$ cat input14.cif   # mmCIF, C-alpha atoms (C1' of nucleotides)
data_coords
loop_
_atom_site.label_atom_id
_atom_site.label_comp_id
_atom_site.auth_asym_id
_atom_site.auth_seq_id
_atom_site.Cartn_x
_atom_site.Cartn_y
_atom_site.Cartn_z
CA MET A 1 -67.99 48.73 104.37
CA LYS A 2 -70.23 46.86 101.99
CA HIS A 3 -73.15 44.90 103.34
CA SER A 4 -74.11 41.69 101.60
CA SER A 5 -77.65 41.23 100.42
CA LYS A 6 -78.11 38.63 103.13
CA GLU A 7 -77.21 41.09 105.87
CA LEU A 8 -79.60 43.64 104.45
CA VAL A 9 -82.39 41.08 104.42
CA LEU A 10 -81.69 40.02 107.98
CA SER A 11 -81.62 43.54 109.38
CA SER A 12 -84.82 44.47 107.58
CA TRP A 13 -86.48 41.35 108.96
CA GLN A 14 -85.36 42.25 112.47
CA ASP A 15 -86.76 45.75 112.00
CA SER A 16 -90.03 44.23 110.91
CA LEU A 17 -90.21 42.08 114.02
CA HIS A 18 -89.52 45.06 116.27
CA ARG A 19 -92.05 47.27 114.47
CA ASN A 20 -94.69 44.59 114.95
CA GLY A 21 -93.98 44.04 118.61
CA PHE A 22 -92.17 40.73 118.25
CA ARG A 23 -89.01 40.08 120.22
CA VAL A 24 -85.83 39.24 118.39
CA THR A 25 -84.72 36.03 120.06
CA ARG A 26 -81.83 33.70 119.38
CA PRO A 27 -84.02 30.90 117.95
CA ARG A 28 -85.72 33.34 115.60
CA GLN A 29 -82.39 34.80 114.52
CA GLN A 30 -81.09 31.34 113.77
CA VAL A 31 -84.08 30.40 111.64
CA MET A 32 -83.89 33.69 109.75
CA GLU A 33 -80.15 33.26 109.23
CA ILE A 34 -80.66 29.80 107.73
CA ILE A 35 -83.41 30.94 105.37
CA ALA A 36 -81.54 34.04 104.25
CA SER A 37 -78.34 32.06 103.63
CA SER A 38 -79.88 29.27 101.60
CA THR A 39 -79.73 28.97 97.83
CA THR A 40 -82.58 26.46 97.90
CA ALA A 41 -86.10 26.52 99.29
CA LEU A 42 -85.91 24.58 102.55
CA THR A 43 -88.67 22.63 104.28
CA PRO A 44 -89.30 23.27 107.99
CA GLN A 45 -87.63 19.97 108.80
CA ALA A 46 -84.60 20.84 106.67
CA ILE A 47 -84.29 24.16 108.46
CA TYR A 48 -84.41 22.35 111.78
CA GLN A 49 -81.74 19.87 110.64
CA LYS A 50 -79.44 22.69 109.58
CA SER A 51 -79.91 24.41 112.92
CA LEU A 52 -78.59 21.31 114.68
CA GLU A 53 -75.13 22.12 113.32
CA TRP A 54 -74.96 24.96 115.80
CA ASP A 55 -73.84 24.22 119.36
CA GLN A 56 -77.22 25.57 120.46
CA SER A 57 -80.26 25.16 118.28
CA PRO A 58 -83.97 26.01 118.45
CA GLY A 59 -86.54 23.35 119.24
CA ILE A 60 -88.58 22.09 116.33
CA ALA A 61 -91.66 23.85 117.71
CA SER A 62 -89.87 27.19 117.61
CA VAL A 63 -88.90 26.58 114.01
CA TYR A 64 -92.55 26.14 113.07
CA ARG A 65 -93.62 29.11 115.18
CA THR A 66 -90.99 31.34 113.60
CA LEU A 67 -92.00 30.29 110.10
CA GLU A 68 -95.63 31.05 110.83
CA MET A 69 -94.72 34.48 112.17
CA LEU A 70 -92.47 35.31 109.21
CA GLU A 71 -95.18 34.27 106.79
CA ASP A 72 -97.81 36.33 108.61
CA LEU A 73 -95.48 39.31 108.36
CA GLY A 74 -95.16 38.71 104.62
CA LEU A 75 -91.42 38.12 104.85
CA ILE A 76 -91.34 34.57 103.56
CA GLN A 77 -93.42 32.45 101.21
CA GLN A 78 -93.91 28.81 100.33
CA ILE A 79 -92.50 27.59 97.04
CA HIS A 80 -94.09 24.46 95.63
CA GLN A 81 -92.25 21.86 93.65
CA PRO A 82 -93.31 18.79 91.64
CA GLY A 83 -92.03 16.42 94.34
CA GLY A 84 -95.01 17.30 96.47
CA CYS A 85 -93.52 19.30 99.30
CA HIS A 86 -93.02 22.99 99.58
CA GLY A 87 -90.03 24.96 100.76
CA ILE A 88 -89.50 28.34 102.37
CA TRP A 89 -88.16 31.32 100.45
CA PRO A 90 -87.84 35.03 101.23
CA VAL A 91 -90.39 37.39 99.75
CA VAL A 92 -88.70 40.06 97.67
CA GLU A 93 -89.98 43.26 96.15
CA GLY A 94 -92.31 43.09 93.19
CA HIS A 95 -93.86 40.14 91.47
CA ASN A 96 -91.50 37.25 90.97
CA HIS A 97 -91.23 34.09 88.98
CA PHE A 98 -88.99 31.23 90.01
CA LEU A 99 -86.46 29.08 88.28
CA ILE A 100 -85.60 25.86 90.06
CA CYS A 101 -82.91 23.30 89.31
CA ARG A 102 -84.33 19.78 89.50
CA ASP A 103 -80.95 18.32 90.46
CA CYS A 104 -79.67 20.54 93.25
CA GLY A 105 -82.74 22.60 94.08
CA GLN A 106 -80.92 25.88 93.53
CA MET A 107 -83.36 28.71 92.95
CA LYS A 108 -83.21 31.88 90.94
CA VAL A 109 -85.72 34.68 91.29
CA ILE A 110 -86.78 36.30 88.05
CA GLU A 111 -88.23 39.76 87.93
CA GLY A 112 -91.87 39.37 86.97
CA ASP A 113 -92.17 39.90 83.27
CA GLU A 114 -95.31 41.68 82.22
CA ASP A 115 -95.45 39.71 78.98
CA ILE A 116 -98.28 37.60 80.31
CA THR A 117 -100.67 40.45 81.11
CA GLY A 118 -102.15 40.05 77.64
CA TYR A 119 -102.56 36.37 78.27
CA ILE A 120 -104.38 37.14 81.52
CA ASP A 121 -106.74 39.53 79.73
CA ASN A 122 -107.65 36.77 77.30
CA ILE A 123 -108.29 34.32 80.11
CA GLU A 124 -110.56 36.75 81.92
CA LYS A 125 -112.57 37.41 78.78
CA GLN A 126 -112.90 33.75 77.87
CA THR A 127 -113.69 32.34 81.31
CA GLY A 128 -115.44 35.11 83.19
CA TYR A 129 -112.99 34.69 86.06
CA ARG A 130 -111.33 37.69 87.64
CA VAL A 131 -107.63 36.86 87.90
CA ASP A 132 -105.73 38.58 90.69
CA ASP A 133 -102.56 36.53 91.05
CA HIS A 134 -100.51 33.91 89.32
CA TRP A 135 -97.60 31.56 89.84
CA LEU A 136 -95.06 31.03 87.14
CA GLN A 137 -92.29 28.57 87.90
CA PHE A 138 -89.67 27.12 85.61
CA PHE A 139 -87.96 23.80 86.17
CA GLY A 140 -84.74 22.66 84.60
CA THR A 141 -81.04 22.23 85.17
CA CYS A 142 -78.69 24.90 86.43
CA ARG A 143 -75.33 25.73 84.88
CA GLY A 144 -73.45 23.79 87.53
CA CYS A 145 -75.53 20.62 87.19
CA LEU A 146 -75.41 20.64 83.39
CA ASP A 147 -71.81 19.37 83.29
CA MET B 1 -125.87 8.16 72.42
CA LYS B 2 -123.58 10.88 73.56
CA HIS B 3 -120.97 10.12 76.19
CA SER B 4 -120.01 12.80 78.65
CA SER B 5 -116.40 13.81 78.99
CA LYS B 6 -116.36 12.15 82.39
CA GLU B 7 -117.42 8.80 80.98
CA LEU B 8 -114.77 9.03 78.29
CA VAL B 9 -112.12 9.74 80.89
CA LEU B 10 -113.22 6.85 83.09
CA SER B 11 -113.31 4.31 80.27
CA SER B 12 -109.89 5.39 79.01
CA TRP B 13 -108.52 5.09 82.53
CA GLN B 14 -109.95 1.57 82.83
CA ASP B 15 -108.38 0.66 79.51
CA SER B 16 -105.07 1.96 80.79
CA LEU B 17 -105.30 -0.20 83.91
CA HIS B 18 -106.10 -3.30 81.85
CA ARG B 19 -103.32 -2.63 79.36
CA ASN B 20 -100.85 -2.32 82.21
CA GLY B 21 -101.95 -5.47 83.98
CA PHE B 22 -103.85 -3.82 86.81
CA ARG B 23 -107.22 -5.17 87.87
CA VAL B 24 -110.22 -2.90 87.77
CA THR B 25 -111.62 -3.22 91.26
CA ARG B 26 -114.52 -1.53 92.98
CA PRO B 27 -112.33 0.63 95.26
CA ARG B 28 -110.30 1.80 92.27
CA GLN B 29 -113.42 2.55 90.28
CA GLN B 30 -114.80 4.59 93.15
CA VAL B 31 -111.64 6.68 93.51
CA MET B 32 -111.51 7.28 89.76
CA GLU B 33 -115.19 8.21 89.70
CA ILE B 34 -114.68 10.80 92.43
CA ILE B 35 -111.66 12.36 90.74
CA ALA B 36 -113.27 12.44 87.31
CA SER B 37 -116.47 13.97 88.69
CA SER B 38 -114.86 16.73 90.72
CA THR B 39 -114.65 20.34 89.63
CA THR B 40 -111.94 20.99 92.23
CA ALA B 41 -108.58 19.40 92.92
CA LEU B 42 -109.17 17.07 95.87
CA THR B 43 -106.68 15.95 98.50
CA PRO B 44 -106.37 12.22 99.26
CA GLN B 45 -108.26 12.79 102.49
CA ALA B 46 -111.03 14.68 100.70
CA ILE B 47 -111.38 11.85 98.21
CA TYR B 48 -111.67 9.41 101.09
CA GLN B 49 -114.31 11.56 102.79
CA LYS B 50 -116.36 11.72 99.61
CA SER B 51 -116.15 7.95 99.24
CA LEU B 52 -117.79 7.53 102.65
CA GLU B 53 -121.06 8.78 101.15
CA TRP B 54 -121.35 5.47 99.35
CA ASP B 55 -122.86 2.52 101.22
CA GLN B 56 -119.57 0.73 100.60
CA SER B 57 -116.33 2.68 100.45
CA PRO B 58 -112.63 1.93 100.00
CA GLY B 59 -110.25 1.92 102.95
CA ILE B 60 -107.99 4.94 103.24
CA ALA B 61 -105.00 2.78 102.31
CA SER B 62 -106.61 1.82 99.03
CA VAL B 63 -107.26 5.46 98.24
CA TYR B 64 -103.55 6.22 98.61
CA ARG B 65 -102.57 3.10 96.66
CA THR B 66 -104.92 3.97 93.83
CA LEU B 67 -103.62 7.53 93.65
CA GLU B 68 -100.04 6.29 93.48
CA MET B 69 -100.94 3.89 90.68
CA LEU B 70 -102.83 6.53 88.69
CA GLU B 71 -99.95 8.95 89.03
CA ASP B 72 -97.43 6.31 87.95
CA LEU B 73 -99.60 5.67 84.89
CA GLY B 74 -99.57 9.37 84.13
CA LEU B 75 -103.33 9.67 84.47
CA ILE B 76 -103.44 12.15 87.33
CA GLN B 77 -101.22 14.92 88.63
CA GLN B 78 -100.83 17.02 91.76
CA ILE B 79 -101.97 20.62 91.63
CA HIS B 80 -100.41 22.95 94.17
CA GLN B 81 -102.20 25.86 95.75
CA PRO B 82 -101.16 28.75 98.00
CA GLY B 83 -102.78 27.15 101.04
CA GLY B 84 -99.96 24.65 101.25
CA CYS B 85 -101.56 21.41 100.24
CA HIS B 86 -101.90 19.87 96.85
CA GLY B 87 -104.89 18.28 95.19
CA ILE B 88 -105.42 15.62 92.57
CA TRP B 89 -106.42 16.44 89.03
CA PRO B 90 -106.65 14.43 85.80
CA VAL B 91 -103.86 14.77 83.29
CA VAL B 92 -105.19 15.90 79.93
CA GLU B 93 -103.58 16.08 76.54
CA GLY B 94 -100.96 18.71 75.87
CA HIS B 95 -99.40 21.27 78.15
CA ASN B 96 -101.86 22.93 80.47
CA HIS B 97 -102.13 25.93 82.67
CA PHE B 98 -104.60 26.15 85.50
CA LEU B 99 -107.07 28.71 86.68
CA ILE B 100 -108.28 28.27 90.23
CA CYS B 101 -111.03 30.07 92.12
CA ARG B 102 -109.83 31.09 95.58
CA ASP B 103 -113.34 30.93 97.00
CA CYS B 104 -114.76 27.61 95.83
CA GLY B 105 -111.66 25.89 94.47
CA GLN B 106 -113.23 25.36 91.07
CA MET B 107 -110.61 24.72 88.43
CA LYS B 108 -110.40 25.43 84.75
CA VAL B 109 -107.77 23.92 82.47
CA ILE B 110 -106.33 26.29 79.90
CA GLU B 111 -104.70 25.04 76.75
CA GLY B 112 -101.00 25.82 77.06
CA ASP B 113 -100.34 29.08 75.31
CA GLU B 114 -97.02 29.25 73.56
CA ASP B 115 -96.72 32.97 74.31
CA ILE B 116 -94.12 32.33 76.96
CA THR B 117 -91.65 30.40 74.80
CA GLY B 118 -89.86 33.66 74.06
CA TYR B 119 -89.75 34.39 77.76
CA ILE B 120 -88.17 30.97 78.36
CA ASP B 121 -85.53 31.64 75.71
CA ASN B 122 -84.59 34.85 77.48
CA ILE B 123 -84.34 33.09 80.82
CA GLU B 124 -82.10 30.38 79.42
CA LYS B 125 -79.79 32.96 77.87
CA GLN B 126 -79.61 35.11 80.96
CA THR B 127 -79.21 32.39 83.57
CA GLY B 128 -77.44 29.52 81.82
CA TYR B 129 -80.16 27.16 83.02
CA ARG B 130 -81.76 24.69 80.67
CA VAL B 131 -85.52 24.95 81.19
CA ASP B 132 -87.53 21.82 80.41
CA ASP B 133 -90.83 22.43 82.14
CA HIS B 134 -92.91 25.11 83.78
CA TRP B 135 -95.99 25.64 85.87
CA LEU B 136 -98.31 28.51 85.20
CA GLN B 137 -101.28 28.87 87.50
CA PHE B 138 -103.76 31.69 87.82
CA PHE B 139 -105.72 32.48 90.95
CA GLY B 140 -108.83 34.56 91.20
CA THR B 141 -112.58 34.42 91.48
CA CYS B 142 -114.88 32.44 89.24
CA ARG B 143 -118.04 33.79 87.64
CA GLY B 144 -120.25 32.14 90.25
CA CYS B 145 -118.33 33.49 93.24
CA LEU B 146 -118.12 37.04 91.85
CA ASP B 147 -121.75 37.79 92.72
"C1'" DA C 1 -77.03 48.37 134.99
"C1'" DA C 2 -80.92 46.22 137.47
"C1'" DT C 3 -85.95 45.17 137.60
"C1'" DG C 4 -90.18 43.21 136.23
"C1'" DA C 5 -94.01 42.09 133.09
"C1'" DT C 6 -94.77 38.90 129.85
"C1'" DA C 7 -93.62 37.10 125.25
"C1'" DA C 8 -91.22 33.19 123.81
"C1'" DT C 9 -88.91 28.85 124.46
"C1'" DG C 10 -88.20 23.82 124.97
"C1'" DA C 11 -89.83 19.37 126.06
"C1'" DT C 12 -93.22 16.57 125.10
"C1'" DA C 13 -98.02 15.10 124.45
"C1'" DA C 14 -101.60 15.12 121.01
"C1'" DT C 15 -103.12 15.24 116.47
"C1'" DT C 16 -102.98 14.40 111.60
"C1'" DA C 17 -101.27 12.42 107.34
"C1'" DT C 18 -99.00 8.84 105.04
"C1'" DT C 19 -96.84 4.29 104.56
"C1'" DA C 20 -96.08 -0.69 105.76
"C1'" DT C 21 -97.81 -5.29 107.12
"C1'" DC C 22 -100.42 -9.39 106.44
"C1'" DA C 23 -104.34 -12.51 106.58
"C1'" DA C 24 -108.68 -12.53 103.95
"C1'" DT C 25 -110.94 -11.47 99.63
"C1'" DA C 26 -112.13 -10.97 94.86
"C1'" DA C 27 -110.69 -10.12 89.74
"C1'" DG C 28 -110.31 -12.30 85.62
"C1'" DG C 29 -107.93 -15.84 82.67
"C1'" DA C 30 -108.30 -20.85 81.92
"C1'" DT D 1 -116.91 -22.49 87.65
"C1'" DC D 2 -112.29 -22.93 89.38
"C1'" DC D 3 -107.77 -21.26 90.56
"C1'" DT D 4 -103.97 -18.17 90.83
"C1'" DT D 5 -102.58 -14.20 92.79
"C1'" DA D 6 -103.22 -9.16 92.76
"C1'" DT D 7 -105.72 -6.36 95.81
"C1'" DT D 8 -108.16 -5.14 99.85
"C1'" DG D 9 -109.16 -3.70 104.65
"C1'" DA D 10 -107.78 -3.31 109.29
"C1'" DT D 11 -104.40 -1.71 111.81
"C1'" DA D 12 -99.65 -0.91 113.27
"C1'" DA D 13 -95.79 2.05 112.31
"C1'" DT D 14 -93.80 6.17 110.78
"C1'" DA D 15 -93.54 11.09 109.90
"C1'" DA D 16 -95.01 15.83 110.15
"C1'" DT D 17 -97.36 19.37 112.44
"C1'" DT D 18 -99.77 21.53 116.28
"C1'" DA D 19 -101.01 22.21 121.24
"C1'" DT D 20 -99.77 22.49 126.17
"C1'" DC D 21 -97.50 24.48 129.99
"C1'" DA D 22 -93.85 25.31 133.31
"C1'" DT D 23 -89.46 27.73 132.72
"C1'" DT D 24 -86.58 31.21 130.53
"C1'" DA D 25 -85.09 35.41 128.42
"C1'" DT D 26 -86.30 39.87 125.95
"C1'" DC D 27 -86.57 44.60 126.40
"C1'" DA D 28 -89.10 48.79 128.11
"C1'" DT D 29 -88.71 51.11 132.27
"C1'" DT D 30 -86.41 52.58 136.12
#

$ encode --input "input14.cif" --output "structure tokens"
Amino acid sequence: MKHSSKELVLSSWQDSLHRNGFRVTRPRQQVMEIIASSTTALTPQAIYQKSLEWDQSPGIASVYRTLEMLEDLGLIQQIHQPGGCHGIWPVVEGHNHFLICRDCGQMKVIEGDEDITGYIDNIEKQTGYRVDDHWLQFFGTCRGCLD
Amino acid sequence: MKHSSKELVLSSWQDSLHRNGFRVTRPRQQVMEIIASSTTALTPQAIYQKSLEWDQSPGIASVYRTLEMLEDLGLIQQIHQPGGCHGIWPVVEGHNHFLICRDCGQMKVIEGDEDITGYIDNIEKQTGYRVDDHWLQFFGTCRGCLD
DNA sequence: AATGATAATGATAATTATTATCAATAAGGA
DNA sequence: TCCTTATTGATAATAATTATCATTATCATT
């Protein structure tokens, strides 16, 4: 029996909650399910709206509380977009860059390319800053929205 | 007589308002002054707070209205940071990348390096996306905060 | 499987940020 | 200087997030 990536993510998240002494409750499972299933970075409000499709759904306060917990555990992160707001996206192994479709919001995660390490060295030399992290995001149109 | 960069920015912004039929009012001048003088990307609320140091200051609504106008004119942009909120920063010629100090918020603008064009080509080939823009931001510690 | 300590929830009040409204004001061309 | 009207300031309305607290449900222990 083959497990989908989503199921692997969800079970590892549940493990993480247990290991850190957090209970695995229905509201938390629902929020995690929505995040892990999404192909776009969702805002807290959007997550709450999606949860309303269930016959039973978490209160808005629990959505925010769950997001805070997941972020503290390093399981999710905020992705910023030109519009102004940020959406929620799972943290995955390694350093990532993001590719976002302006039309439908669909996201792709790109394995961090080390091509820019040279660039970073230059910046450190020229500015005197010590650089310890960076964001690289690409915006454009996905295959499906190009037609 | 040598004009500072700030003065050049402010006079070009005023020209832009005039050319586009906007009046140059005291509240607008104050907001522009604060943005052009800042070494960090300020939120609308932070701009309003700074304006209160004057004996006369714009209402909060005028701050928001001025920011919307300046953004529509392409004179300012929103800079996103890990904290969650975004700050206001002048748009300058060409494509830029940003270097932000985590401690004091001080920003440096880096002339867009074309090193990543090859990277973008690869991404387009591998994903089928058409990429038309990107954000590259570096986070770290500035010279002053390193001590 | 039942119990119990307590973490977590849901409902809602409180807070904060942003936008809309409108009478009064001031910019800038005539 | 006058006049037209774009803009302002005060504040109401809206939206998003956080805090409060009595009730509920998880899960280690029995």

$ resolve_selection --input "input14.cif" --expression "the PyMOL selection byres ((chain B) within 9 of (chain D))" --output "PyMOL selection string"
chain B and resi 22-23+25+27+58-62

$ resolve_selection --input "input14.cif" --expression "the PyMOL selection byres ((chain B) within 7 of (chain A))" --output "number ranges by chain"
B: 80, 128-143

$ write_last_selection --input "input14.cif" --atoms "C-alpha atoms" --output "PDB file, in the coordinates of the input"
ATOM      1  CA  HIS B  80    -100.410  22.950  94.170  1.00  0.00           C
ATOM      2  CA  GLY B 128     -77.440  29.520  81.820  1.00  0.00           C
ATOM      3  CA  TYR B 129     -80.160  27.160  83.020  1.00  0.00           C
ATOM      4  CA  ARG B 130     -81.760  24.690  80.670  1.00  0.00           C
ATOM      5  CA  VAL B 131     -85.520  24.950  81.190  1.00  0.00           C
ATOM      6  CA  ASP B 132     -87.530  21.820  80.410  1.00  0.00           C
ATOM      7  CA  ASP B 133     -90.830  22.430  82.140  1.00  0.00           C
ATOM      8  CA  HIS B 134     -92.910  25.110  83.780  1.00  0.00           C
ATOM      9  CA  TRP B 135     -95.990  25.640  85.870  1.00  0.00           C
ATOM     10  CA  LEU B 136     -98.310  28.510  85.200  1.00  0.00           C
ATOM     11  CA  GLN B 137    -101.280  28.870  87.500  1.00  0.00           C
ATOM     12  CA  PHE B 138    -103.760  31.690  87.820  1.00  0.00           C
ATOM     13  CA  PHE B 139    -105.720  32.480  90.950  1.00  0.00           C
ATOM     14  CA  GLY B 140    -108.830  34.560  91.200  1.00  0.00           C
ATOM     15  CA  THR B 141    -112.580  34.420  91.480  1.00  0.00           C
ATOM     16  CA  CYS B 142    -114.880  32.440  89.240  1.00  0.00           C
ATOM     17  CA  ARG B 143    -118.040  33.790  87.640  1.00  0.00           C
TER      18      ARG B 143
END

$ residues_around --input "input14.cif" --residues "B:Leu75" --least-positions-apart "2" --cutoff "10 Å" --atoms "all atoms listed in the file" --output "NGL selection string"
:B and (9 or 12-13 or 16 or 67 or 69-73 or 77 or 89-92)

$ interface_residues --input "input14.cif" --of "chain C" --to "chain A" --cutoff "8 Å" --atoms "only C-alpha atoms (C1' of nucleotides)" --output "number ranges by chain"
C: 7, 9-10

$ write_last_selection --input "input14.cif" --atoms "C-alpha atoms (C1' of nucleotides)" --output "short mmCIF file (atom, residue, chain, number, x, y, z; two decimals), in the frame of the given file"
data_model
loop_
_atom_site.label_atom_id
_atom_site.label_comp_id
_atom_site.auth_asym_id
_atom_site.auth_seq_id
_atom_site.Cartn_x
_atom_site.Cartn_y
_atom_site.Cartn_z
"C1'" DA C 7 -93.62 37.10 125.25
"C1'" DT C 9 -88.91 28.85 124.46
"C1'" DG C 10 -88.20 23.82 124.97
#

$ atom_distance --input "input14.cif" --atom1 "atom CA of B:Ser51" --atom2 "atom CA of B:Ser38"
12.3 Å

$ atom_distance --input "input14.cif" --atom1 "atom CA of B:Ile47" --atom2 "atom CA of B:Asp147"
28.5 Å

$ closest_residue --input "input14.cif" --among "A:Asn20, A:Val31, A:Asp15, A:Glu7" --to "A:Gln45" --atoms "all atoms listed in the file"
A:Val31
